[in-house]
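S.K.: One structure follows; several queries about it will come next.
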Amino acid sequence: MQKDLVSIISPCYNGEKYVCNFLDSVLKQTYNHVELIVVNDGSVDGTEKILKSYEKKFKERGYSYVYCKQENKGQAAAINTGLGKYSGEYLMWVDSDDILLPQNVEKKVEFLQKNIEYGFVICEGELVNSNDLNTVIGSMCRKKPKGKDNLFSDLIFEHNVVFGPGVIMARRTAIEKAIPENKIFESREGQNWQLILPLAYSYKCGYIEEVHFYCVAHDDSHSRTERSYEERIKRNDNFVVLLTETIRRLVDMPNKEKQKWISKVYIKHSIKKMEIAKRNKKRQDYKCIKNELNTYVKEYHMQLFYFAYVLRNKVSIIRRIYSKIKKYFLKIQK
């Protein structure tokens with residue numbers, strides 16, 4: 001481990017159109033001790049040529065630049081490649097189409113050095129359009145809880161959380177304890193839950209309430225791709241596997257507690273599957289999923305959680321509808 005060094009792992013697949021913006025944003029950091037590990041995940045365009053051309057620029061900046069190439073396995077596999085090579089005291093992982101604002105690294109290191117009780121820290125980000133990086137189309141932030149911070153639970157239920165990896169920095173010591181094998185579960189659905197959940201369970205999260213990151217939205221990105229009914233069901237099932245495997249690998253969580261969280265994940269995503277089936281008018285699928293869910297809930301004695309979760313969802317829907325109606329009437333009154 002090199003003291004004060006910040007390692008940044010960045011998977012890259014077919015990024016010739018956008019990777020320069022990311023690499024340039026790393027070079028513009030105000031912090032001087034940076035190691036970039038960029039993993040070419042089997043790109044078939046001009047990505048390799050671009051990535052290799054930056055080696056000299058990083059050397060001139062005084063930054064370490066590690067280039068890796070592998071066959072296409074997905075972002076999680078690329079992260080694992082980077083986890084086996086990084087040497088910094090602090091770790092970040094960033095998508096190669098996103099942008100770090102100049103003080104991103106410096107502000108996070110400063111926070112962690114001043115607040116030793118925190119294992120990791122997150123800043124705020126903004127969603128920008130790939131066709132115009134100056135156009136902000138959304139915010140990416142977690143409102144800092146006033147009382148107890150239930151980040152682990154919020155991540156599971158996707159409540160008041162942000163998954164843009166460029167907002168996060170973790171201590172190496174926290175990573176090594178939370179993910180002792182230095183390897184995450186490999187899934188084509190991504191890598192963020194596998195890294196953040198272990199950290200959130202074992203360590204306190206710090207907050208920098210400032211924007212230091214741009215997440216670039218592409219019309220053809222993985223998250224924005226229009227999917228068929230079958231693809232949406234499969235993706236939902238893949239998330240169940242991803243979350244289940246991540247929970248099973250948590251080193252500090254007792255087995256009994258693991259089973260409860262795995263059950264909550266199953267119930268949450270079964271309800272989501274029912275919603276997908278209902279919207280697509282797949283009545284038989286809907287009935288089958290519901291019957292399987294009811295059987296599961298009884299077997300694992302999760303009735304109380306199930307009914308509370310369903311009720312909470314209904315209340316949330318009513319609130320959203322009310323908010324839309326309120327906005328509509330305020331608009332027509334102007």
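We name chains A, B, ... following the order of the structure tokens; residues begin at 1 in each chain, and ligands are numbered from 1 as shown.
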Can you tell me, as a ChimeraX atom specification, what residues are no more than 9 Å from Val128 of chain A when counting only C-alpha atoms, ignoring any on the same chain fewer than 4 positions away?

M.R.: /A:132-139,214-217

S.K.: Only N, CA, C and O atoms, please: the residues just picked out, written as a compact mmCIF listing (two decimals), in the first residue's frame.

M.R.:
```txt
# COMPACT_ATOMS: atom_id res chain seq x y z
N ASP A 132 -24.39 17.40 -24.82
CA ASP A 132 -24.06 18.72 -24.29
C ASP A 132 -23.74 18.58 -22.81
O ASP A 132 -24.62 18.57 -21.97
N LEU A 133 -22.45 18.47 -22.51
CA LEU A 133 -22.02 18.21 -21.13
C LEU A 133 -22.33 19.35 -20.18
O LEU A 133 -22.23 19.19 -18.96
N ASN A 134 -22.70 20.50 -20.73
CA ASN A 134 -23.05 21.65 -19.88
C ASN A 134 -24.53 21.66 -19.50
O ASN A 134 -24.97 22.52 -18.73
N THR A 135 -25.27 20.70 -20.05
CA THR A 135 -26.71 20.63 -19.77
C THR A 135 -26.98 19.61 -18.68
O THR A 135 -26.80 18.40 -18.87
N VAL A 136 -27.39 20.08 -17.52
CA VAL A 136 -27.71 19.20 -16.39
C VAL A 136 -29.16 18.76 -16.51
O VAL A 136 -30.07 19.57 -16.61
N ILE A 137 -29.36 17.45 -16.51
CA ILE A 137 -30.73 16.92 -16.67
C ILE A 137 -31.22 16.19 -15.40
O ILE A 137 -32.33 15.67 -15.38
N GLY A 138 -30.39 16.17 -14.38
CA GLY A 138 -30.82 15.52 -13.15
C GLY A 138 -29.75 15.59 -12.07
O GLY A 138 -28.59 15.87 -12.36
N SER A 139 -30.15 15.37 -10.84
CA SER A 139 -29.20 15.38 -9.73
C SER A 139 -28.97 13.96 -9.23
O SER A 139 -29.82 13.08 -9.37
N TYR A 214 -19.85 14.23 -12.67
CA TYR A 214 -20.86 14.24 -13.74
C TYR A 214 -21.05 12.82 -14.26
O TYR A 214 -20.09 12.17 -14.67
N CYS A 215 -22.27 12.34 -14.21
CA CYS A 215 -22.63 11.07 -14.83
C CYS A 215 -23.21 11.39 -16.20
O CYS A 215 -24.19 12.15 -16.31
N VAL A 216 -22.60 10.86 -17.24
CA VAL A 216 -23.00 11.21 -18.61
C VAL A 216 -24.06 10.24 -19.11
O VAL A 216 -23.84 9.02 -19.13
N ALA A 217 -25.21 10.77 -19.50
CA ALA A 217 -26.33 9.95 -19.98
C ALA A 217 -26.26 9.79 -21.49
O ALA A 217 -26.22 10.78 -22.23
```

S.K.: So that I can check the surroundings of segment 98-102 of chain A, please list as a PyMOL selection string every protein, DNA and RNA residue that reaches within 10 Å of it, counting only C-alpha atoms and ignoring chain neighbours fewer than 3 positions away.

M.R.: chain A and resi 10+18-31+94-95+105-107+125+127-128+130+133+164-167+211-217

S.K.: For the residues selected in the previous step, produce a file with N, CA and C atoms as an mmCIF file, in the first residue's frame.

M.R.:
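Written output follows (out-v6.cif):
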```cif
data_model
loop_
_atom_site.group_PDB
_atom_site.id
_atom_site.type_symbol
_atom_site.label_atom_id
_atom_site.label_comp_id
_atom_site.auth_asym_id
_atom_site.auth_seq_id
_atom_site.Cartn_x
_atom_site.Cartn_y
_atom_site.Cartn_z
ATOM 1 N N SER A 10 -11.131 1.744 -13.598
ATOM 2 C CA SER A 10 -12.145 2.122 -14.578
ATOM 3 C C SER A 10 -12.272 1.068 -15.678
ATOM 4 N N TYR A 18 -16.138 8.442 -26.014
ATOM 5 C CA TYR A 18 -16.268 9.219 -24.778
ATOM 6 C C TYR A 18 -15.121 9.086 -23.783
ATOM 7 N N VAL A 19 -14.248 8.101 -23.951
ATOM 8 C CA VAL A 19 -13.247 7.845 -22.907
ATOM 9 C C VAL A 19 -12.264 8.995 -22.720
ATOM 10 N N CYS A 20 -12.039 9.788 -23.775
ATOM 11 C CA CYS A 20 -11.114 10.932 -23.655
ATOM 12 C C CYS A 20 -11.599 11.933 -22.609
ATOM 13 N N ASN A 21 -12.917 12.153 -22.558
ATOM 14 C CA ASN A 21 -13.458 13.093 -21.568
ATOM 15 C C ASN A 21 -13.153 12.625 -20.149
ATOM 16 N N PHE A 22 -13.296 11.321 -19.923
ATOM 17 C CA PHE A 22 -13.001 10.775 -18.599
ATOM 18 C C PHE A 22 -11.514 10.889 -18.272
ATOM 19 N N LEU A 23 -10.663 10.456 -19.189
ATOM 20 C CA LEU A 23 -9.217 10.487 -18.945
ATOM 21 C C LEU A 23 -8.723 11.914 -18.716
ATOM 22 N N ASP A 24 -9.244 12.843 -19.495
ATOM 23 C CA ASP A 24 -8.854 14.248 -19.314
ATOM 24 C C ASP A 24 -9.301 14.770 -17.950
ATOM 25 N N SER A 25 -10.466 14.306 -17.486
ATOM 26 C CA SER A 25 -10.963 14.761 -16.179
ATOM 27 C C SER A 25 -10.087 14.229 -15.043
ATOM 28 N N VAL A 26 -9.502 13.052 -15.217
ATOM 29 C CA VAL A 26 -8.569 12.524 -14.213
ATOM 30 C C VAL A 26 -7.292 13.363 -14.214
ATOM 31 N N LEU A 27 -6.803 13.690 -15.396
ATOM 32 C CA LEU A 27 -5.575 14.492 -15.508
ATOM 33 C C LEU A 27 -5.737 15.893 -14.914
ATOM 34 N N LYS A 28 -6.958 16.373 -14.854
ATOM 35 C CA LYS A 28 -7.223 17.723 -14.347
ATOM 36 C C LYS A 28 -7.460 17.766 -12.836
ATOM 37 N N GLN A 29 -7.298 16.631 -12.161
ATOM 38 C CA GLN A 29 -7.516 16.613 -10.718
ATOM 39 C C GLN A 29 -6.493 17.490 -9.990
ATOM 40 N N THR A 30 -6.934 18.136 -8.928
ATOM 41 C CA THR A 30 -6.050 19.003 -8.140
ATOM 42 C C THR A 30 -5.199 18.200 -7.164
ATOM 43 N N TYR A 31 -5.511 16.935 -7.011
ATOM 44 C CA TYR A 31 -4.754 16.048 -6.113
ATOM 45 C C TYR A 31 -3.621 15.407 -6.911
ATOM 46 N N VAL A 94 -14.724 4.085 -11.255
ATOM 47 C CA VAL A 94 -15.452 5.080 -12.049
ATOM 48 C C VAL A 94 -15.704 4.534 -13.449
ATOM 49 N N ASP A 95 -16.914 4.714 -13.961
ATOM 50 C CA ASP A 95 -17.209 4.334 -15.340
ATOM 51 C C ASP A 95 -16.426 5.231 -16.289
ATOM 52 N N VAL A 105 -11.207 14.140 -6.208
ATOM 53 C CA VAL A 105 -10.293 13.306 -5.433
ATOM 54 C C VAL A 105 -9.787 14.037 -4.189
ATOM 55 N N GLU A 106 -9.386 15.279 -4.359
ATOM 56 C CA GLU A 106 -8.828 16.049 -3.248
ATOM 57 C C GLU A 106 -9.813 16.184 -2.092
ATOM 58 N N LYS A 107 -11.053 16.516 -2.394
ATOM 59 C CA LYS A 107 -12.057 16.718 -1.352
ATOM 60 C C LYS A 107 -12.330 15.438 -0.569
ATOM 61 N N GLY A 125 -23.462 14.309 -7.240
ATOM 62 C CA GLY A 125 -23.186 14.328 -8.671
ATOM 63 C C GLY A 125 -24.353 14.908 -9.438
ATOM 64 N N LEU A 127 -26.409 14.539 -13.396
ATOM 65 C CA LEU A 127 -26.591 13.809 -14.646
ATOM 66 C C LEU A 127 -26.568 14.809 -15.786
ATOM 67 N N VAL A 128 -25.682 14.591 -16.760
ATOM 68 C CA VAL A 128 -25.566 15.518 -17.882
ATOM 69 C C VAL A 128 -25.793 14.775 -19.201
ATOM 70 N N SER A 130 -25.031 13.595 -22.930
ATOM 71 C CA SER A 130 -23.809 13.288 -23.672
ATOM 72 C C SER A 130 -23.603 14.222 -24.858
ATOM 73 N N LEU A 133 -22.450 18.467 -22.506
ATOM 74 C CA LEU A 133 -22.023 18.208 -21.134
ATOM 75 C C LEU A 133 -22.327 19.354 -20.176
ATOM 76 N N GLY A 164 -24.088 6.141 -8.912
ATOM 77 C CA GLY A 164 -22.988 6.617 -9.751
ATOM 78 C C GLY A 164 -21.672 6.400 -9.029
ATOM 79 N N PRO A 165 -20.809 5.498 -9.512
ATOM 80 C CA PRO A 165 -19.603 5.156 -8.752
ATOM 81 C C PRO A 165 -18.629 6.304 -8.560
ATOM 82 N N GLY A 166 -18.688 7.320 -9.413
ATOM 83 C CA GLY A 166 -17.757 8.433 -9.282
ATOM 84 C C GLY A 166 -17.959 9.289 -8.052
ATOM 85 N N VAL A 167 -19.016 9.001 -7.272
ATOM 86 C CA VAL A 167 -19.262 9.781 -6.055
ATOM 87 C C VAL A 167 -18.570 9.165 -4.843
ATOM 88 N N VAL A 211 -21.254 19.049 -5.328
ATOM 89 C CA VAL A 211 -21.205 18.314 -6.600
ATOM 90 C C VAL A 211 -19.759 18.240 -7.098
ATOM 91 N N HIS A 212 -19.267 17.005 -7.257
ATOM 92 C CA HIS A 212 -17.900 16.807 -7.762
ATOM 93 C C HIS A 212 -17.842 15.719 -8.838
ATOM 94 N N PHE A 213 -18.993 15.432 -9.452
ATOM 95 C CA PHE A 213 -19.044 14.322 -10.393
ATOM 96 C C PHE A 213 -20.151 14.542 -11.424
ATOM 97 N N TYR A 214 -19.855 14.230 -12.674
ATOM 98 C CA TYR A 214 -20.859 14.239 -13.745
ATOM 99 C C TYR A 214 -21.053 12.824 -14.256
ATOM 100 N N CYS A 215 -22.272 12.340 -14.211
ATOM 101 C CA CYS A 215 -22.634 11.069 -14.832
ATOM 102 C C CYS A 215 -23.213 11.393 -16.204
ATOM 103 N N VAL A 216 -22.600 10.865 -17.241
ATOM 104 C CA VAL A 216 -22.997 11.209 -18.606
ATOM 105 C C VAL A 216 -24.062 10.237 -19.110
ATOM 106 N N ALA A 217 -25.212 10.772 -19.504
ATOM 107 C CA ALA A 217 -26.330 9.954 -19.979
ATOM 108 C C ALA A 217 -26.260 9.794 -21.489
#
```

S.K.: How many Å separate atom CA of Asn32 of chain A from atom CA of Asp97 of chain A?

M.R.: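 We find that atom CA of Asn32 of chain A and atom CA of Asp97 of chain A lie 22.1 Å from each other.
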
S.K.: Can you pull out the residues contacting segment 50-56 of chain A? Cut-off 12 Å, using only C-alpha atoms, and skip same-chain residues under 3 positions away; I want them as a PyMOL selection string.

M.R.: chain A and resi 10-24+26-27+35-41+43+45-47+59-69+96

S.K.: Suppose we keep N, CA and C atoms; can you now write the selection as a CSV table (one decimal), in the first residue's frame?

M.R.:
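The new file selection03.csv reads:
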```csv
chain,number,residue,atom,x,y,z
A,10,SER,N,-11.1,1.7,-13.6
A,10,SER,CA,-12.1,2.1,-14.6
A,10,SER,C,-12.3,1.1,-15.7
A,11,PRO,N,-13.4,0.3,-15.7
A,11,PRO,CA,-13.6,-0.6,-16.8
A,11,PRO,C,-14.0,0.2,-18.1
A,12,CYS,N,-13.6,-0.3,-19.2
A,12,CYS,CA,-13.9,0.4,-20.5
A,12,CYS,C,-14.3,-0.6,-21.6
A,13,TYR,N,-15.4,-0.4,-22.2
A,13,TYR,CA,-15.8,-1.3,-23.3
A,13,TYR,C,-16.3,-0.4,-24.4
A,14,ASN,N,-15.7,-0.5,-25.6
A,14,ASN,CA,-16.0,0.3,-26.8
A,14,ASN,C,-16.3,1.7,-26.4
A,15,GLY,N,-15.2,2.4,-25.9
A,15,GLY,CA,-15.4,3.7,-25.4
A,15,GLY,C,-14.7,4.8,-26.2
A,16,GLU,N,-14.5,4.5,-27.5
A,16,GLU,CA,-13.7,5.5,-28.3
A,16,GLU,C,-14.4,6.9,-28.4
A,17,LYS,N,-15.7,6.9,-28.3
A,17,LYS,CA,-16.5,8.2,-28.4
A,17,LYS,C,-16.4,9.0,-27.2
A,18,TYR,N,-16.1,8.4,-26.0
A,18,TYR,CA,-16.3,9.2,-24.8
A,18,TYR,C,-15.1,9.1,-23.8
A,19,VAL,N,-14.2,8.1,-24.0
A,19,VAL,CA,-13.2,7.8,-22.9
A,19,VAL,C,-12.3,9.0,-22.7
A,20,CYS,N,-12.0,9.8,-23.8
A,20,CYS,CA,-11.1,10.9,-23.7
A,20,CYS,C,-11.6,11.9,-22.6
A,21,ASN,N,-12.9,12.2,-22.6
A,21,ASN,CA,-13.5,13.1,-21.6
A,21,ASN,C,-13.2,12.6,-20.1
A,22,PHE,N,-13.3,11.3,-19.9
A,22,PHE,CA,-13.0,10.8,-18.6
A,22,PHE,C,-11.5,10.9,-18.3
A,23,LEU,N,-10.7,10.5,-19.2
A,23,LEU,CA,-9.2,10.5,-18.9
A,23,LEU,C,-8.7,11.9,-18.7
A,24,ASP,N,-9.2,12.8,-19.5
A,24,ASP,CA,-8.9,14.2,-19.3
A,24,ASP,C,-9.3,14.8,-17.9
A,26,VAL,N,-9.5,13.1,-15.2
A,26,VAL,CA,-8.6,12.5,-14.2
A,26,VAL,C,-7.3,13.4,-14.2
A,27,LEU,N,-6.8,13.7,-15.4
A,27,LEU,CA,-5.6,14.5,-15.5
A,27,LEU,C,-5.7,15.9,-14.9
A,35,GLU,N,-3.3,7.0,-9.1
A,35,GLU,CA,-3.0,5.8,-9.9
A,35,GLU,C,-4.3,5.4,-10.6
A,36,LEU,N,-4.2,5.4,-12.0
A,36,LEU,CA,-5.4,5.0,-12.7
A,36,LEU,C,-5.1,3.6,-13.3
A,37,ILE,N,-6.1,2.7,-13.0
A,37,ILE,CA,-6.0,1.4,-13.6
A,37,ILE,C,-7.2,1.2,-14.5
A,38,VAL,N,-6.9,1.3,-15.8
A,38,VAL,CA,-8.0,1.2,-16.8
A,38,VAL,C,-8.0,-0.2,-17.4
A,39,VAL,N,-9.2,-0.8,-17.4
A,39,VAL,CA,-9.3,-2.2,-17.9
A,39,VAL,C,-10.1,-2.2,-19.2
A,40,ASN,N,-9.5,-2.5,-20.3
A,40,ASN,CA,-10.1,-2.6,-21.6
A,40,ASN,C,-10.8,-4.0,-21.6
A,41,ASP,N,-12.2,-3.9,-21.5
A,41,ASP,CA,-13.0,-5.1,-21.4
A,41,ASP,C,-13.4,-5.7,-22.8
A,43,SER,N,-12.8,-4.5,-25.9
A,43,SER,CA,-13.3,-3.5,-26.9
A,43,SER,C,-12.9,-3.9,-28.3
A,45,ASP,N,-13.5,-1.6,-30.9
A,45,ASP,CA,-13.4,-0.3,-31.7
A,45,ASP,C,-12.0,0.2,-31.5
A,46,GLY,N,-11.9,1.5,-31.5
A,46,GLY,CA,-10.6,2.2,-31.4
A,46,GLY,C,-10.2,2.5,-29.9
A,47,THR,N,-10.8,1.9,-28.9
A,47,THR,CA,-10.6,2.1,-27.5
A,47,THR,C,-9.1,1.9,-27.2
A,59,LYS,N,2.1,10.0,-17.3
A,59,LYS,CA,3.5,10.1,-16.8
A,59,LYS,C,4.0,11.5,-16.7
A,60,GLU,N,3.6,12.4,-17.6
A,60,GLU,CA,4.0,13.8,-17.6
A,60,GLU,C,3.3,14.5,-16.4
A,61,ARG,N,2.1,14.0,-16.1
A,61,ARG,CA,1.4,14.6,-15.0
A,61,ARG,C,1.9,14.1,-13.6
A,62,GLY,N,2.7,13.0,-13.7
A,62,GLY,CA,3.2,12.5,-12.4
A,62,GLY,C,2.3,11.4,-11.8
A,63,TYR,N,1.3,10.9,-12.6
A,63,TYR,CA,0.4,9.9,-12.2
A,63,TYR,C,0.8,8.5,-12.7
A,64,SER,N,0.5,7.5,-12.0
A,64,SER,CA,0.7,6.1,-12.4
A,64,SER,C,-0.4,5.7,-13.3
A,65,TYR,N,-0.1,5.0,-14.4
A,65,TYR,CA,-1.1,4.6,-15.4
A,65,TYR,C,-0.9,3.1,-15.7
A,66,VAL,N,-1.9,2.3,-15.3
A,66,VAL,CA,-1.8,0.9,-15.5
A,66,VAL,C,-2.9,0.5,-16.5
A,67,TYR,N,-2.5,-0.1,-17.7
A,67,TYR,CA,-3.4,-0.5,-18.7
A,67,TYR,C,-3.5,-2.0,-18.7
A,68,CYS,N,-4.8,-2.5,-18.6
A,68,CYS,CA,-5.0,-3.9,-18.7
A,68,CYS,C,-6.0,-4.3,-19.8
A,69,LYS,N,-5.9,-5.4,-20.4
A,69,LYS,CA,-6.8,-5.9,-21.4
A,69,LYS,C,-7.2,-7.3,-21.1
A,96,SER,N,-16.0,4.7,-17.4
A,96,SER,CA,-15.1,5.4,-18.3
A,96,SER,C,-15.8,6.4,-19.2
```

S.K.: Enumerate the residues of segment 34-88 of chain A with a DSSP assignment of strand (DSSP E or B), computed from the backbone, and present them as a count of residues only.

M.R.: 16
